[in-house]
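> The structure file final.cif (mmCIF, C-alpha atoms) is provided below.
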```
data_start
loop_
_atom_site.group_PDB
_atom_site.id
_atom_site.type_symbol
_atom_site.label_atom_id
_atom_site.label_comp_id
_atom_site.auth_asym_id
_atom_site.auth_seq_id
_atom_site.Cartn_x
_atom_site.Cartn_y
_atom_site.Cartn_z
ATOM 1 C CA MET A 1386 4.373 23.776 -42.815
ATOM 2 C CA ARG A 1387 2.966 23.655 -46.349
ATOM 3 C CA ASN A 1388 6.076 22.035 -47.833
ATOM 4 C CA ASP A 1389 8.282 24.941 -46.759
ATOM 5 C CA SER A 1390 11.315 22.991 -45.544
ATOM 6 C CA GLY A 1391 13.287 26.145 -44.695
ATOM 7 C CA PHE A 1392 10.537 27.362 -42.400
ATOM 8 C CA TYR A 1393 10.214 23.881 -40.865
ATOM 9 C CA HIS A 1394 13.967 23.766 -40.219
ATOM 10 C CA ASP A 1395 13.806 27.188 -38.565
ATOM 11 C CA ILE A 1396 11.027 26.035 -36.247
ATOM 12 C CA LEU A 1397 12.958 22.877 -35.338
ATOM 13 C CA LYS A 1398 16.069 24.921 -34.583
ATOM 14 C CA GLU A 1399 14.020 27.366 -32.522
ATOM 15 C CA PHE A 1400 12.565 24.484 -30.547
ATOM 16 C CA LEU A 1401 16.071 23.245 -29.728
ATOM 17 C CA VAL A 1402 17.175 26.702 -28.612
ATOM 18 C CA ALA A 1403 14.063 27.705 -26.709
ATOM 19 C CA TYR A 1404 12.783 24.478 -25.203
ATOM 20 C CA SER A 1405 15.614 21.954 -24.809
ATOM 21 C CA ASN A 1406 15.854 22.881 -21.124
ATOM 22 C CA SER A 1407 12.108 23.223 -20.614
ATOM 23 C CA ALA A 1408 11.883 20.244 -18.239
ATOM 24 C CA GLU A 1409 14.392 21.868 -15.915
ATOM 25 C CA GLU A 1410 12.642 25.218 -16.268
ATOM 26 C CA LEU A 1411 9.298 23.651 -15.389
ATOM 27 C CA GLU A 1412 10.827 21.880 -12.410
ATOM 28 C CA ILE A 1413 12.129 25.195 -11.062
ATOM 29 C CA LEU A 1414 8.829 26.957 -11.717
ATOM 30 C CA PHE A 1415 6.853 24.253 -9.900
ATOM 31 C CA LYS A 1416 9.322 24.201 -7.039
ATOM 32 C CA ASN A 1417 8.871 27.963 -6.633
ATOM 33 C CA ASN A 1418 5.062 27.778 -6.962
ATOM 34 C CA LYS A 1419 5.102 29.796 -10.193
ATOM 35 C CA THR A 1420 2.327 27.809 -11.812
ATOM 36 C CA ASP A 1421 1.148 30.743 -13.957
ATOM 37 C CA GLN A 1422 4.573 30.920 -15.598
ATOM 38 C CA ALA A 1423 4.674 27.125 -15.953
ATOM 39 C CA ASP A 1424 1.237 27.223 -17.575
ATOM 40 C CA SER A 1425 2.401 29.901 -20.017
ATOM 41 C CA LEU A 1426 5.549 27.959 -20.904
ATOM 42 C CA LEU A 1427 3.490 24.810 -21.471
ATOM 43 C CA LEU A 1428 1.108 26.730 -23.736
ATOM 44 C CA ASP A 1429 4.072 27.812 -25.879
ATOM 45 C CA ILE A 1430 5.440 24.268 -25.969
ATOM 46 C CA ILE A 1431 2.052 22.850 -26.918
ATOM 47 C CA GLY A 1432 1.800 25.285 -29.824
ATOM 48 C CA VAL A 1433 5.275 24.624 -31.174
ATOM 49 C CA SER A 1434 5.191 20.865 -30.652
ATOM 50 C CA ALA A 1435 1.786 20.624 -32.358
ATOM 51 C CA ASN A 1436 3.091 22.626 -35.321
ATOM 52 C CA ILE A 1437 6.062 20.317 -35.808
ATOM 53 C CA GLY A 1438 4.034 17.132 -35.380
ATOM 54 C CA ALA A 1439 5.476 16.135 -32.005
ATOM 55 C CA ASP A 1440 2.218 14.578 -30.857
ATOM 56 C CA ALA A 1441 3.654 12.687 -27.870
ATOM 57 C CA LEU A 1442 5.134 15.864 -26.394
ATOM 58 C CA THR A 1443 1.994 17.842 -27.181
ATOM 59 C CA ALA A 1444 -0.164 15.313 -25.328
ATOM 60 C CA CYS A 1445 2.199 15.183 -22.364
ATOM 61 C CA ALA A 1446 2.395 18.980 -22.076
ATOM 62 C CA ASN A 1447 -1.405 19.183 -22.347
ATOM 63 C CA ASP A 1448 -1.740 16.673 -19.523
ATOM 64 C CA ILE A 1449 0.514 18.752 -17.264
ATOM 65 C CA LYS A 1450 -1.316 21.944 -18.217
ATOM 66 C CA ASN A 1451 -4.646 20.293 -17.334
ATOM 67 C CA LYS A 1452 -3.239 19.225 -13.972
ATOM 68 C CA ILE A 1453 -2.225 22.825 -13.286
ATOM 69 C CA ALA A 1454 -5.793 23.914 -14.028
ATOM 70 C CA LYS A 1455 -7.083 21.319 -11.552
ATOM 71 C CA ASN A 1456 -4.444 22.324 -8.997
ATOM 72 C CA GLU A 1457 -2.971 18.807 -9.097
ATOM 73 C CA SER A 1458 0.715 18.012 -8.783
ATOM 74 C CA SER A 1459 2.649 16.970 -11.868
ATOM 75 C CA ASP A 1460 5.377 14.409 -12.283
ATOM 76 C CA LEU A 1461 7.732 15.592 -15.024
ATOM 77 C CA THR A 1462 9.355 12.191 -15.638
ATOM 78 C CA LEU A 1463 7.388 11.447 -18.801
ATOM 79 C CA TYR A 1464 7.728 15.050 -19.983
ATOM 80 C CA LYS A 1465 11.526 14.851 -19.639
ATOM 81 C CA LYS A 1466 11.517 11.636 -21.645
ATOM 82 C CA ARG A 1467 9.343 13.121 -24.393
ATOM 83 C CA VAL A 1468 11.525 16.231 -24.682
ATOM 84 C CA GLN A 1469 14.685 14.132 -24.914
ATOM 85 C CA GLU A 1470 13.102 11.881 -27.546
ATOM 86 C CA LEU A 1471 12.122 14.912 -29.586
ATOM 87 C CA ILE A 1472 15.554 16.501 -29.283
ATOM 88 C CA GLN A 1473 17.132 13.246 -30.470
ATOM 89 C CA SER A 1474 14.672 13.014 -33.361
ATOM 90 C CA ILE A 1475 15.364 16.594 -34.435
ATOM 91 C CA GLU A 1476 19.120 16.058 -34.268
ATOM 92 C CA ASN A 1477 18.789 12.836 -36.292
ATOM 93 C CA TYR A 1478 16.592 14.633 -38.808
ATOM 94 C CA PHE A 1479 19.210 17.331 -39.331
ATOM 95 C CA LEU A 1480 21.916 14.684 -39.755
ATOM 96 C CA THR A 1481 19.943 13.084 -42.570
ATOM 97 C CA CYS A 1482 19.282 16.449 -44.247
ATOM 98 C CA LYS A 1483 22.953 17.211 -44.807
#
```
Any chance you could put this one into structure tokens?

Amino acid sequence: MRNDSGFYHDILKEFLVAYSNSAEELEILFKNNKTDQADSLLLDIIGVSANIGADALTACANDIKNKIAKNESSDLTLYKKRVQELIQSIENYFLTCK
């Protein structure tokens, strides 16, 4: 983020607002066979998580996206864990910034 902490904070806040429930959203999309929408959501998550340095979530989302492309089923257990870890890290980060 080129040392722009305000911009970085905005992206972190946006992640919390837009993607905190992404595991549940993906679950619903997969359950309803809306893999195109799931793929699009994962693409957004990959972009944001890569920009904020959330490499574990980026890798996990990429793995699921690749499984969609191969028409393979996806287990969201690890994804849920990675999202929760990131949410906790972001919340802890904001606590230390005050």
> Determine the nearest neighbour of Phe1479 (chain A) from the options A:Leu1442, A:Leu1461, A:Leu1401, A:Leu1426, counting only C-alpha atoms.
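Looking at the shortest contact to Phe1479 (chain A), the residue is A:Leu1401.
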> Name all residues at most 8 Å from Ile1472 (chain A) (count all atoms listed in the file; drop same-chain ones fewer than 4 positions away) and give them as number ranges by chain.
A: 1401, 1405, 1468, 1476
> List the neighbours of Phe1400 (chain A) out to 9 Å using all atoms listed in the file; skip same-chain residues closer than 6 positions along the sequence, and give me the result as a list in words.
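Answer for this query is Ile1430, Val1433, Ser1434 and Ile1472 of chain A.
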> Can you write just those residues out, C-alpha atoms, as a PDB file, keeping the file's coordinate frame?

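And here's selection-v2.pdb as it stands now:
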```pdb
ATOM      1  CA  ILE A1430       5.440  24.268 -25.969  1.00  0.00           C
ATOM      2  CA  VAL A1433       5.275  24.624 -31.174  1.00  0.00           C
ATOM      3  CA  SER A1434       5.191  20.865 -30.652  1.00  0.00           C
ATOM      4  CA  ILE A1472      15.554  16.501 -29.283  1.00  0.00           C
TER       5      ILE A1472
END
```
> For the atom pair CA of Cys1482 (chain A) and CA of Ala1441 (chain A), what is the interatomic distance in Å to one decimal place?
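Going from CA of Cys1482 (chain A) over to CA of Ala1441 (chain A), I get 22.9 Å.
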> Set up a box along x, y and z of the file covering all listed atoms of region 1410-1428 of chain A, add 6 Å on every one of the six sides, and write the centre and edge lengths in Å to one decimal, as lines of an AutoDock Vina configuration file.

```
center_x = 6.9
center_y = 26.4
center_z = -15.2
size_x = 23.5
size_y = 21.0
size_z = 29.1
```
> Enumerate, as an NGL selection string, the residues matched when the PyMOL selection byres ((chain A and resi 1418-1422) around 12) is run on the file above.
:A and (1407 or 1410-1417 or 1423-1429 or 1449-1459)
> Just checking: using only C-alpha atoms, which residue out of A:Leu1463, A:Ile1396, A:Val1402, A:Leu1480 ends up closest to Gly1438 (chain A)?
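Closest to Gly1438 (chain A) of all the choices is A:Ile1396.
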> A:Glu1470, A:Asp1460, A:Glu1409, A:Glu1399: which is nearest Asp1448 (chain A), counting only C-alpha atoms?
A:Asp1460
> In Å to one decimal, how far is CA of Ser1474 (chain A) from CA of Ile1437 (chain A)?
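A separation of 11.6 Å between them.
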> Please indicate the distance in Å from CA of Asn1436 (chain A) to CA of Arg1467 (chain A), rounded to one decimal place.
15.8 Å
